[in-house]
>>> print(open('target.cif').read())   # mmCIF, C-alpha atoms
data_data
#
loop_
_atom_site.label_atom_id
_atom_site.label_comp_id
_atom_site.auth_asym_id
_atom_site.auth_seq_id
_atom_site.Cartn_x
_atom_site.Cartn_y
_atom_site.Cartn_z
CA MET Q 1 196.01 102.00 38.45
CA ASP Q 2 193.49 99.35 39.43
CA LEU Q 3 191.18 100.45 42.13
CA ASP Q 4 190.63 98.12 45.06
CA TRP Q 5 186.84 98.35 45.74
CA THR Q 6 187.23 96.49 49.04
CA TYR Q 7 189.33 99.20 50.53
CA ARG Q 8 187.76 101.37 53.20
CA PRO Q 9 189.58 104.14 54.95
CA ARG Q 10 189.88 103.65 58.68
CA ARG Q 11 187.80 106.00 60.82
CA ARG Q 12 189.46 108.05 63.37
CA ARG Q 13 188.27 107.34 66.89
CA ARG Q 14 187.30 110.42 68.80
CA LYS Q 15 187.58 110.57 72.54
CA GLY Q 16 184.31 112.53 72.81
CA CYS Q 17 182.25 109.50 71.78
CA PHE Q 18 183.21 107.62 74.90
CA ALA Q 19 182.16 110.58 77.03
CA TRP Q 20 178.70 110.83 75.40
CA SER Q 21 178.13 107.10 75.73
CA GLY Q 22 178.89 107.30 79.39
CA LEU Q 23 176.48 110.16 79.93
CA VAL Q 24 173.65 108.34 78.17
CA LEU Q 25 174.30 105.24 80.26
CA LEU Q 26 174.26 107.27 83.48
CA LEU Q 27 170.99 108.96 82.48
CA ALA Q 28 169.35 105.61 81.74
CA VAL Q 29 170.43 104.25 85.12
CA TYR Q 30 169.12 107.39 86.88
CA LEU Q 31 165.75 107.20 85.15
CA TYR Q 32 165.38 103.53 85.97
CA ILE Q 33 166.08 104.20 89.62
CA GLN Q 34 163.72 107.20 89.87
CA ARG Q 35 160.92 105.40 87.95
CA PRO Q 36 158.80 108.49 87.09
CA ASP Q 37 155.11 107.84 86.54
CA TRP Q 38 155.35 108.17 82.81
CA LEU Q 39 157.76 105.23 82.72
CA VAL Q 40 155.63 102.98 84.95
CA ARG Q 41 152.95 100.97 83.15
CA GLN Q 42 149.60 102.41 84.28
CA PRO Q 43 146.39 100.33 84.65
CA PRO Q 44 143.64 101.23 82.18
CA PRO Q 45 141.11 103.79 83.52
CA ALA Q 46 137.99 102.29 85.10
CA LEU Q 47 134.93 102.29 82.90
CA THR Q 48 132.14 104.42 84.38
CA THR Q 49 128.49 103.56 83.89
CA PRO Q 50 126.50 106.66 82.93
CA THR Q 51 123.81 107.63 85.45
CA PRO Q 52 120.33 107.38 83.88
CA SER Q 53 118.87 110.80 83.26
CA ALA Q 54 115.44 112.08 84.26
CA LEU Q 55 114.38 111.70 80.62
CA TYR Q 56 115.38 108.03 80.76
CA TRP Q 57 113.14 107.43 83.79
CA GLN Q 58 110.30 109.37 82.21
CA THR Q 59 110.50 107.18 79.10
CA LYS Q 60 110.58 104.06 81.28
CA ALA Q 61 107.53 105.26 83.23
CA GLU Q 62 105.56 105.95 80.07
CA ALA Q 63 106.39 102.49 78.73
CA HIS Q 64 105.33 100.83 82.00
CA ILE Q 65 102.06 102.76 82.08
CA ALA Q 66 101.29 101.75 78.50
CA ALA Q 67 101.95 98.10 79.45
CA GLY Q 68 99.90 98.30 82.65
CA ASN Q 69 102.91 97.86 84.95
CA PHE Q 70 101.86 100.58 87.36
CA GLY Q 71 104.16 99.60 90.23
CA GLU Q 72 107.20 99.82 87.96
CA ALA Q 73 105.87 103.08 86.52
CA ALA Q 74 105.58 104.59 89.99
CA ALA Q 75 109.15 103.56 90.82
CA ALA Q 76 110.46 105.14 87.60
CA LEU Q 77 108.55 108.37 88.27
CA GLN Q 78 109.95 108.46 91.79
CA ARG Q 79 113.49 108.24 90.38
CA MET Q 80 112.67 111.02 87.93
CA ALA Q 81 111.37 113.19 90.77
CA GLU Q 82 114.57 112.59 92.77
CA LEU Q 83 116.73 113.69 89.82
CA GLU Q 84 114.58 116.76 89.10
CA PRO Q 85 113.19 117.88 92.49
CA GLU Q 86 111.92 121.18 91.03
CA ASN Q 87 109.95 119.48 88.22
CA ALA Q 88 106.21 119.19 88.85
CA GLU Q 89 105.61 116.74 86.01
CA PRO Q 90 106.62 113.46 87.74
CA LEU Q 91 104.60 114.43 90.84
CA VAL Q 92 101.48 114.91 88.72
CA ALA Q 93 101.97 111.56 87.01
CA LEU Q 94 102.49 109.84 90.38
CA ALA Q 95 99.33 111.48 91.72
CA GLU Q 96 97.34 110.13 88.78
CA LEU Q 97 98.57 106.61 89.58
CA HIS Q 98 97.51 107.05 93.21
CA LEU Q 99 94.06 108.19 92.09
CA MET Q 100 93.71 105.05 89.99
CA ALA Q 101 94.32 103.04 93.18
CA ARG Q 102 91.95 105.31 95.20
CA GLN Q 103 94.83 106.55 97.36
CA VAL Q 104 93.46 110.05 97.57
CA GLU Q 105 95.53 111.44 100.44
CA GLN Q 106 98.81 110.38 98.81
CA ALA Q 107 97.66 112.01 95.58
CA TYR Q 108 96.72 115.19 97.45
CA ALA Q 109 100.20 115.57 98.95
CA LEU Q 110 101.77 115.16 95.50
CA THR Q 111 99.52 117.60 93.64
CA LYS Q 112 99.80 120.19 96.38
CA GLU Q 113 103.58 120.09 96.01
CA ALA Q 114 103.31 120.10 92.19
CA VAL Q 115 101.24 123.30 92.25
CA ARG Q 116 103.74 124.88 94.66
CA LEU Q 117 106.55 124.08 92.24
CA ASP Q 118 104.71 125.33 89.15
CA ASP Q 119 101.49 127.24 89.64
CA GLU Q 120 101.13 127.69 85.87
CA SER Q 121 101.25 124.00 85.03
CA VAL Q 122 97.90 123.10 83.50
CA ALA Q 123 98.38 119.42 84.38
CA ALA Q 124 99.27 120.20 88.00
CA LEU Q 125 96.31 122.56 88.45
CA ALA Q 126 93.83 120.18 86.81
CA THR Q 127 94.98 117.12 88.74
CA HIS Q 128 94.97 119.05 92.01
CA ALA Q 129 91.42 120.17 91.22
CA ARG Q 130 90.40 116.56 90.68
CA VAL Q 131 91.97 115.45 93.96
CA LEU Q 132 90.19 118.24 95.82
CA ASP Q 133 86.92 117.15 94.22
CA TRP Q 134 87.47 113.60 95.44
CA ARG Q 135 88.10 114.97 98.93
CA GLY Q 136 84.81 116.85 98.80
CA ASN Q 137 86.39 120.33 98.58
CA TYR Q 138 84.24 121.37 95.63
CA ASP Q 139 84.76 125.13 95.82
CA SER Q 140 88.54 124.84 95.91
CA ALA Q 141 88.41 122.20 93.20
CA SER Q 142 86.53 124.48 90.82
CA ASP Q 143 88.91 127.37 91.57
CA PHE Q 144 91.95 125.36 90.51
CA ALA Q 145 90.14 123.90 87.50
CA PHE Q 146 89.19 127.35 86.21
CA GLN Q 147 92.77 128.56 86.72
CA ALA Q 148 93.87 125.71 84.46
CA LEU Q 149 91.13 126.53 81.96
CA GLU Q 150 92.28 130.16 81.72
CA LEU Q 151 95.77 128.93 80.81
CA ASP Q 152 94.49 126.43 78.23
CA PRO Q 153 90.81 126.89 77.29
CA ASP Q 154 90.76 123.91 74.90
CA ASN Q 155 92.42 121.35 77.16
CA PRO Q 156 90.17 118.25 77.20
CA ASP Q 157 91.54 117.01 80.53
CA VAL Q 158 90.62 120.27 82.25
CA LEU Q 159 87.14 120.19 80.70
CA ALA Q 160 86.76 116.58 81.83
CA VAL Q 161 87.70 117.54 85.41
CA LEU Q 162 85.11 120.33 85.38
CA GLY Q 163 82.55 117.81 84.17
CA GLU Q 164 83.38 115.58 87.13
CA ILE Q 165 83.18 118.44 89.62
CA TYR Q 166 79.77 119.59 88.35
CA SER Q 167 78.58 115.97 88.42
CA ASP Q 168 79.47 115.78 92.11
CA VAL Q 169 77.68 119.02 93.00
CA GLY Q 170 74.57 117.91 91.11
CA ASN Q 171 74.68 120.29 88.15
CA TYR Q 172 74.26 117.51 85.61
CA ALA Q 173 73.42 119.73 82.63
CA LEU Q 174 76.60 121.78 82.97
CA ALA Q 175 78.62 118.63 83.66
CA LEU Q 176 77.37 117.09 80.42
CA GLU Q 177 78.19 120.29 78.54
CA TYR Q 178 81.83 120.25 79.69
CA LEU Q 179 82.24 116.53 79.00
CA GLU Q 180 80.77 116.77 75.51
CA GLU Q 181 83.07 119.71 74.77
CA ALA Q 182 86.06 117.66 75.93
CA LEU Q 183 85.09 114.74 73.69
CA ASN Q 184 84.51 117.04 70.72
CA ILE Q 185 88.09 118.23 71.09
CA ASP Q 186 89.50 114.74 71.72
CA PRO Q 187 87.14 111.78 71.15
CA ARG Q 188 89.81 109.44 72.55
CA ASN Q 189 90.21 111.24 75.87
CA VAL Q 190 89.97 108.52 78.51
CA MET Q 191 89.21 110.84 81.44
CA ALA Q 192 86.33 112.52 79.62
CA ARG Q 193 84.88 109.15 78.61
CA ARG Q 194 85.27 107.79 82.14
CA ASN Q 195 83.68 110.89 83.67
CA LEU Q 196 80.75 110.68 81.27
CA GLY Q 197 80.17 107.15 82.57
CA TYR Q 198 80.37 108.52 86.11
CA LEU Q 199 77.78 111.18 85.26
CA PHE Q 200 75.37 108.47 84.11
CA GLU Q 201 76.19 106.37 87.19
CA ILE Q 202 75.26 109.00 89.75
CA GLN Q 203 72.01 109.53 87.86
CA ARG Q 204 71.40 105.77 88.24
CA GLU Q 205 71.49 105.20 84.52
CA HIS Q 206 73.65 102.12 84.97
CA GLU Q 207 73.33 100.64 81.48
CA GLN Q 208 74.53 103.88 79.90
CA ALA Q 209 77.29 104.13 82.49
CA ILE Q 210 78.47 100.61 81.58
CA ALA Q 211 78.54 101.57 77.90
CA GLU Q 212 80.68 104.66 78.54
CA TYR Q 213 83.04 102.87 80.93
CA ASN Q 214 83.51 100.13 78.34
CA ARG Q 215 84.37 102.75 75.73
CA ALA Q 216 87.02 104.05 78.13
CA ILE Q 217 88.33 100.50 78.53
CA GLU Q 218 88.67 100.19 74.75
CA LEU Q 219 90.95 103.23 74.85
CA ALA Q 220 92.91 102.09 77.93
CA PRO Q 221 92.57 98.31 78.33
CA ASN Q 222 95.25 98.12 81.05
CA ARG Q 223 93.50 100.41 83.54
CA PRO Q 224 92.21 98.33 86.50
CA ASP Q 225 90.11 101.20 87.86
CA LEU Q 226 87.94 101.23 84.72
CA TYR Q 227 87.02 97.56 85.17
CA ILE Q 228 86.08 98.36 88.75
CA GLU Q 229 83.75 101.10 87.54
CA VAL Q 230 82.00 98.55 85.32
CA GLY Q 231 81.82 96.00 88.12
CA ARG Q 232 80.22 98.54 90.42
CA GLN Q 233 77.42 99.09 87.90
CA TYR Q 234 76.72 95.37 87.73
CA GLU Q 235 76.58 95.35 91.53
CA ARG Q 236 73.89 98.01 91.43
CA LEU Q 237 71.99 95.82 88.99
CA GLU Q 238 72.64 92.78 91.28
CA GLU Q 239 74.28 90.90 88.44
CA TRP Q 240 76.91 89.33 90.66
CA GLY Q 241 78.47 87.06 88.06
CA LEU Q 242 79.22 89.96 85.70
CA SER Q 243 80.34 92.10 88.60
CA ILE Q 244 82.83 89.49 89.83
CA GLU Q 245 84.05 88.96 86.26
CA SER Q 246 84.79 92.68 85.92
CA TYR Q 247 86.62 92.79 89.24
CA GLU Q 248 88.71 89.77 88.26
CA LYS Q 249 89.74 91.64 85.12
CA ALA Q 250 90.71 94.58 87.33
CA VAL Q 251 92.92 92.35 89.49
CA ASN Q 252 94.51 90.82 86.40
CA ALA Q 253 95.24 94.30 85.06
CA GLY Q 254 96.81 95.42 88.34
CA GLU Q 255 96.76 93.72 91.75
CA THR Q 256 95.99 96.71 93.93
CA ALA Q 257 94.25 96.72 97.31
CA PHE Q 258 91.44 98.66 95.69
CA ALA Q 259 90.84 95.98 93.04
CA LEU Q 260 91.18 93.09 95.48
CA ASP Q 261 88.80 94.72 97.95
CA ALA Q 262 86.20 95.21 95.22
CA LEU Q 263 86.50 91.57 94.19
CA GLY Q 264 86.48 90.25 97.75
CA TRP Q 265 83.47 92.32 98.74
CA ALA Q 266 81.52 91.20 95.66
CA LEU Q 267 82.33 87.58 96.48
CA TRP Q 268 81.15 88.16 100.05
CA GLN Q 269 77.86 89.64 98.90
CA SER Q 270 77.36 86.80 96.42
CA GLY Q 271 77.76 84.23 99.23
CA ASP Q 272 81.28 82.91 98.49
CA HIS Q 273 82.60 83.83 101.93
CA LEU Q 274 85.63 81.54 101.95
CA GLN Q 275 87.01 82.92 98.68
CA ALA Q 276 86.14 86.42 99.82
CA LEU Q 277 88.18 85.92 102.99
CA ARG Q 278 91.23 84.83 101.00
CA ILE Q 279 91.03 87.80 98.62
CA LEU Q 280 90.43 90.34 101.39
CA ARG Q 281 93.39 89.02 103.39
CA ARG Q 282 95.60 89.71 100.36
CA ALA Q 283 94.16 93.22 100.05
CA SER Q 284 94.93 93.95 103.71
CA GLU Q 285 98.52 92.76 103.20
CA LEU Q 286 98.98 95.33 100.44
CA GLU Q 287 97.43 98.17 102.46
CA PRO Q 288 97.38 97.25 106.17
CA GLU Q 289 96.07 100.69 107.16
CA ASN Q 290 93.16 100.79 104.72
CA GLY Q 291 90.11 101.06 106.97
CA LEU Q 292 87.58 99.95 104.35
CA VAL Q 293 89.57 96.85 103.41
CA LEU Q 294 89.91 95.92 107.09
CA ALA Q 295 86.19 96.45 107.70
CA HIS Q 296 85.32 94.11 104.84
CA LEU Q 297 87.86 91.59 106.10
CA GLY Q 298 86.36 91.77 109.59
CA MET Q 299 82.93 91.05 108.17
CA ALA Q 300 84.34 88.09 106.26
CA TYR Q 301 85.83 86.72 109.50
CA TYR Q 302 82.46 87.19 111.20
CA ARG Q 303 80.64 85.28 108.47
CA ARG Q 304 83.12 82.40 108.91
CA LEU Q 305 82.35 82.44 112.69
CA ASN Q 306 85.87 83.57 113.57
CA TYR Q 307 84.66 86.12 116.09
CA GLU Q 308 88.03 86.76 117.71
CA SER Q 309 89.65 87.78 114.41
CA ALA Q 310 86.49 89.66 113.42
CA ALA Q 311 86.56 91.78 116.59
CA GLU Q 312 90.30 92.50 116.33
CA THR Q 313 90.13 93.41 112.64
CA MET Q 314 87.03 95.59 113.00
CA GLU Q 315 88.66 97.48 115.89
CA GLN Q 316 91.60 98.26 113.63
CA ALA Q 317 89.30 99.23 110.77
CA LEU Q 318 87.37 101.78 112.80
CA GLU Q 319 90.61 103.37 113.94
CA TYR Q 320 91.59 104.08 110.33
CA LEU Q 321 88.18 105.00 108.94
CA ASP Q 322 86.98 108.59 108.92
CA GLU Q 323 83.92 109.28 111.05
CA ASP Q 324 81.78 109.77 107.95
CA ASP Q 325 82.73 106.33 106.64
CA ILE Q 326 81.60 104.43 109.76
CA ASN Q 327 78.13 102.93 109.43
CA ALA Q 328 75.71 100.72 111.35
CA GLN Q 329 76.87 97.58 109.59
CA PHE Q 330 80.45 98.02 110.78
CA THR Q 331 79.59 98.92 114.38
CA LEU Q 332 77.06 96.09 114.59
CA ILE Q 333 79.56 93.45 113.44
CA LEU Q 334 82.13 94.75 115.93
CA GLY Q 335 79.65 94.73 118.81
CA LEU Q 336 78.28 91.26 118.03
CA SER Q 337 81.79 89.86 117.58
CA HIS Q 338 82.63 90.85 121.14
CA VAL Q 339 79.35 89.27 122.32
CA LEU Q 340 79.76 85.98 120.47
CA LYS Q 341 83.43 85.27 121.01
CA LYS Q 342 84.51 83.19 123.99
CA PRO Q 343 84.78 84.58 126.52
CA LYS Q 344 82.48 87.41 125.50
CA GLU Q 345 83.46 90.94 126.38
CA CYS Q 346 80.30 92.92 126.97
CA ASN Q 347 82.22 95.91 128.27
CA LEU Q 348 83.63 96.27 124.74
CA ALA Q 349 80.44 95.22 122.93
CA VAL Q 350 77.84 97.46 124.56
CA PRO Q 351 79.22 100.87 123.42
CA TRP Q 352 79.34 99.68 119.79
CA LEU Q 353 75.84 98.24 119.95
CA HIS Q 354 74.51 101.52 121.32
CA LYS Q 355 76.38 103.31 118.52
CA THR Q 356 74.61 101.00 116.07
CA LEU Q 357 71.23 101.99 117.47
CA GLU Q 358 72.13 105.63 116.91
CA PHE Q 359 72.58 104.81 113.23
CA ALA Q 360 69.58 102.48 113.05
CA PRO Q 361 67.12 102.84 115.98
CA GLY Q 362 65.34 99.63 116.88
CA LEU Q 363 67.67 97.35 114.89
CA SER Q 364 66.80 93.87 116.13
CA SER Q 365 70.29 92.36 115.88
CA ALA Q 366 71.75 95.17 117.99
CA LEU Q 367 68.99 94.74 120.59
CA TYR Q 368 69.70 91.00 120.62
CA GLY Q 369 73.36 91.66 121.44
CA LEU Q 370 72.44 94.00 124.25
CA ARG Q 371 70.02 91.39 125.71
CA GLN Q 372 72.80 88.78 125.62
CA CYS Q 373 74.95 91.07 127.71
CA SER Q 374 72.20 92.14 130.11
CA THR Q 375 71.06 88.56 130.86
CA GLY Q 376 74.56 87.16 131.08
CA THR Q 377 73.63 84.19 128.88
#
>>> encode(input="target.cif", output="structure tokens")
Amino acid sequence: MDLDWTYRPRRRRRKGCFAWSGLVLLLAVYLYIQRPDWLVRQPPPALTTPTPSALYWQTKAEAHIAAGNFGEAAAALQRMAELEPENAEPLVALAELHLMARQVEQAYALTKEAVRLDDESVAALATHARVLDWRGNYDSASDFAFQALELDPDNPDVLAVLGEIYSDVGNYALALEYLEEALNIDPRNVMARRNLGYLFEIQREHEQAIAEYNRAIELAPNRPDLYIEVGRQYERLEEWGLSIESYEKAVNAGETAFALDALGWALWQSGDHLQALRILRRASELEPENGLVLAHLGMAYYRRLNYESAAETMEQALEYLDEDDINAQFTLILGLSHVLKKPKECNLAVPWLHKTLEFAPGLSSALYGLRQCSTGT
């Protein structure tokens, strides 16, 4: 029999198939109506930006310091301190930046807190000792320095701080011993080199001081405070051109009120009173409560015959200056400014002129101001 290959047996239709199809259809309709979350197209999750860590800000600060960007370094260290409030390290680094700008009280607050957080941190103890030395608290300064030395007897920074403390109390031989020991351990230690220059400076060996400060600059060319140290030596030698050149380098390295004040005051003493006035105004904008900057600015106003501004600025300066920092020059300029401005105010001038005579009895310019008030001319 021939087979028909096109033949296919007919399938039997089962009633159950229709029932299953109906159930599937009903389920699909139900799911569509209910719209569970897993059927609804979800938006992609938002991308989150990772928060920079304390280590990130520390690295940024170190890079800024190396580049001489001290304002940015301070901001990075502040962020680090906020992320790690129990870490003394960023506070110590911030204090060192404040010391470079001669902001001693801000540095003191930071190192005091750093020592509270970690009283076994060599860096915190040594920097606090240095701040105390700058504040004139020599006994306390040496106590903290020796605590640091007990923890790390070969730390060149601690030895350098002890050299600075003994320089300030007049024990020059012991100061030199500590500084030489620090440089034997680390010949590239900037603090030890700077403090050796300072030791020569207070002994009035200005040429040797310049040499040591310049060696420190070779190691840290972006430090504005080191250029100021050099400029101060040239001032002592009355080499105004070299002094101003050094202060200009300091300003270029970092425009701080400290650097601008040094430059402005050197310009004033060299006779360039107009340029001095411009520079000192900028310094006072950066630190409007800096008594020394304001005193220098007041003297610049006086030299330009702007007695009204001179009197106002000197009044502000003497409010911010400590009693020990007020001298005959400042009180004289304030008194004479009140005498010479129009209308003159002798009621304000006379007390300052008498104060001047306490500093410098018989000073002719103070006596002249008092005569102007007594005669009414």
>>> atom_distance(input="target.cif", atom1="atom CA of Leu125 of chain Q", atom2="atom CA of Ala220 of chain Q")
23.3 Å
>>> resolve_selection(input="target.cif", expression="the PyMOL selection byres ((chain Q and resi 307) around 8)", output="JSON, numbers by chain")
{"Q": [301, 302, 305, 306, 308, 309, 310, 311, 337, 338, 340, 341]}
>>> resolve_selection(input="target.cif", expression="the PyMOL selection byres ((chain Q and resi 300) around 12)", output="PyMOL selection string")
chain Q and resi 261+264-269+271-281+293-299+301-307+309-311+313-314+330+333-334+337
>>> residues_near_point(input="target.cif", point="(77.3, 96.5, 85.6)", cutoff="12 Å", atoms="only C-alpha atoms", output="PyMOL selection string")
chain Q and resi 197+201+204-214+226-247
>>> closest_residue(input="target.cif", among="Q:Val158, Q:Ala129, Q:Leu263, Q:Ala109", to="Ser142 of chain Q", atoms="only C-alpha atoms")
Q:Ala129
>>> closest_residue(input="target.cif", among="Q:Ala95, Q:Ile326, Q:Val190, Q:Leu196", to="Ala173 of chain Q", atoms="all atoms listed in the file")
Q:Leu196
>>> residues_around(input="target.cif", residues="Ala81 of chain Q", least_positions_apart="3", cutoff="10 Å", atoms="only C-alpha atoms", output="PDB file with C-alpha atoms, keeping the file's coordinate frame")
ATOM      1  CA  ALA Q  54     115.440 112.080  84.260  1.00  0.00           C
ATOM      2  CA  TRP Q  57     113.140 107.430  83.790  1.00  0.00           C
ATOM      3  CA  GLN Q  58     110.300 109.370  82.210  1.00  0.00           C
ATOM      4  CA  ALA Q  75     109.150 103.560  90.820  1.00  0.00           C
ATOM      5  CA  ALA Q  76     110.460 105.140  87.600  1.00  0.00           C
ATOM      6  CA  LEU Q  77     108.550 108.370  88.270  1.00  0.00           C
ATOM      7  CA  GLN Q  78     109.950 108.460  91.790  1.00  0.00           C
ATOM      8  CA  GLU Q  84     114.580 116.760  89.100  1.00  0.00           C
ATOM      9  CA  PRO Q  85     113.190 117.880  92.490  1.00  0.00           C
ATOM     10  CA  GLU Q  86     111.920 121.180  91.030  1.00  0.00           C
ATOM     11  CA  ASN Q  87     109.950 119.480  88.220  1.00  0.00           C
ATOM     12  CA  ALA Q  88     106.210 119.190  88.850  1.00  0.00           C
ATOM     13  CA  GLU Q  89     105.610 116.740  86.010  1.00  0.00           C
ATOM     14  CA  PRO Q  90     106.620 113.460  87.740  1.00  0.00           C
ATOM     15  CA  LEU Q  91     104.600 114.430  90.840  1.00  0.00           C
ATOM     16  CA  LEU Q  94     102.490 109.840  90.380  1.00  0.00           C
TER      17      LEU Q  94
END
>>> residues_near_point(input="target.cif", point="(87.7, 115.6, 83.9)", cutoff="10 Å", atoms="all atoms listed in the file", output="NGL selection string")
:Q and (126-127 or 129-130 or 145 or 156-166 or 175 or 178-179 or 182 or 189-196)
>>> atom_distance(input="target.cif", atom1="atom CA of Asn171 of chain Q", atom2="atom CA of Leu183 of chain Q")
18.7 Å
>>> axis_aligned_box(input="target.cif", around="segment 331-344 of chain Q", padding_each_side="4 Å", output="AutoDock Vina command-line options")
--center_x 80.9 --center_y 91.1 --center_z 120.0 --size_x 15.7 --size_y 23.7 --size_z 21.1
>>> closest_residue(input="target.cif", among="Q:Leu149, Q:Ala259, Q:Asp133, Q:Leu321", to="Glu289 of chain Q", atoms="all atoms listed in the file")
Q:Leu321
>>> closest_residue(input="target.cif", among="Q:Ala93, Q:Cys373, Q:Leu132, Q:Val122", to="Glu105 of chain Q", atoms="only C-alpha atoms")
Q:Leu132
>>> resolve_selection(input="target.cif", expression="the PyMOL selection byres ((chain Q and resi 98-100) around 9)", output="PDB file with C-alpha atoms, keeping the file's coordinate frame")
ATOM      1  CA  ALA Q  93     101.970 111.560  87.010  1.00  0.00           C
ATOM      2  CA  LEU Q  94     102.490 109.840  90.380  1.00  0.00           C
ATOM      3  CA  ALA Q  95      99.330 111.480  91.720  1.00  0.00           C
ATOM      4  CA  GLU Q  96      97.340 110.130  88.780  1.00  0.00           C
ATOM      5  CA  LEU Q  97      98.570 106.610  89.580  1.00  0.00           C
ATOM      6  CA  ALA Q 101      94.320 103.040  93.180  1.00  0.00           C
ATOM      7  CA  ARG Q 102      91.950 105.310  95.200  1.00  0.00           C
ATOM      8  CA  GLN Q 103      94.830 106.550  97.360  1.00  0.00           C
ATOM      9  CA  VAL Q 104      93.460 110.050  97.570  1.00  0.00           C
ATOM     10  CA  GLU Q 105      95.530 111.440 100.440  1.00  0.00           C
ATOM     11  CA  GLN Q 106      98.810 110.380  98.810  1.00  0.00           C
ATOM     12  CA  ALA Q 107      97.660 112.010  95.580  1.00  0.00           C
ATOM     13  CA  VAL Q 131      91.970 115.450  93.960  1.00  0.00           C
ATOM     14  CA  ARG Q 223      93.500 100.410  83.540  1.00  0.00           C
ATOM     15  CA  PRO Q 224      92.210  98.330  86.500  1.00  0.00           C
ATOM     16  CA  ASP Q 225      90.110 101.200  87.860  1.00  0.00           C
ATOM     17  CA  LEU Q 226      87.940 101.230  84.720  1.00  0.00           C
ATOM     18  CA  PHE Q 258      91.440  98.660  95.690  1.00  0.00           C
TER      19      PHE Q 258
END
>>> closest_residue(input="target.cif", among="Q:Phe70, Q:Glu150, Q:Glu358, Q:Leu336", to="Leu370 of chain Q", atoms="all atoms listed in the file")
Q:Leu336
>>> residues_around(input="target.cif", residues="His128 of chain Q", least_positions_apart="4", cutoff="7 Å", atoms="all atoms listed in the file", output="PyMOL selection string")
chain Q and resi 108+111-112+124+132
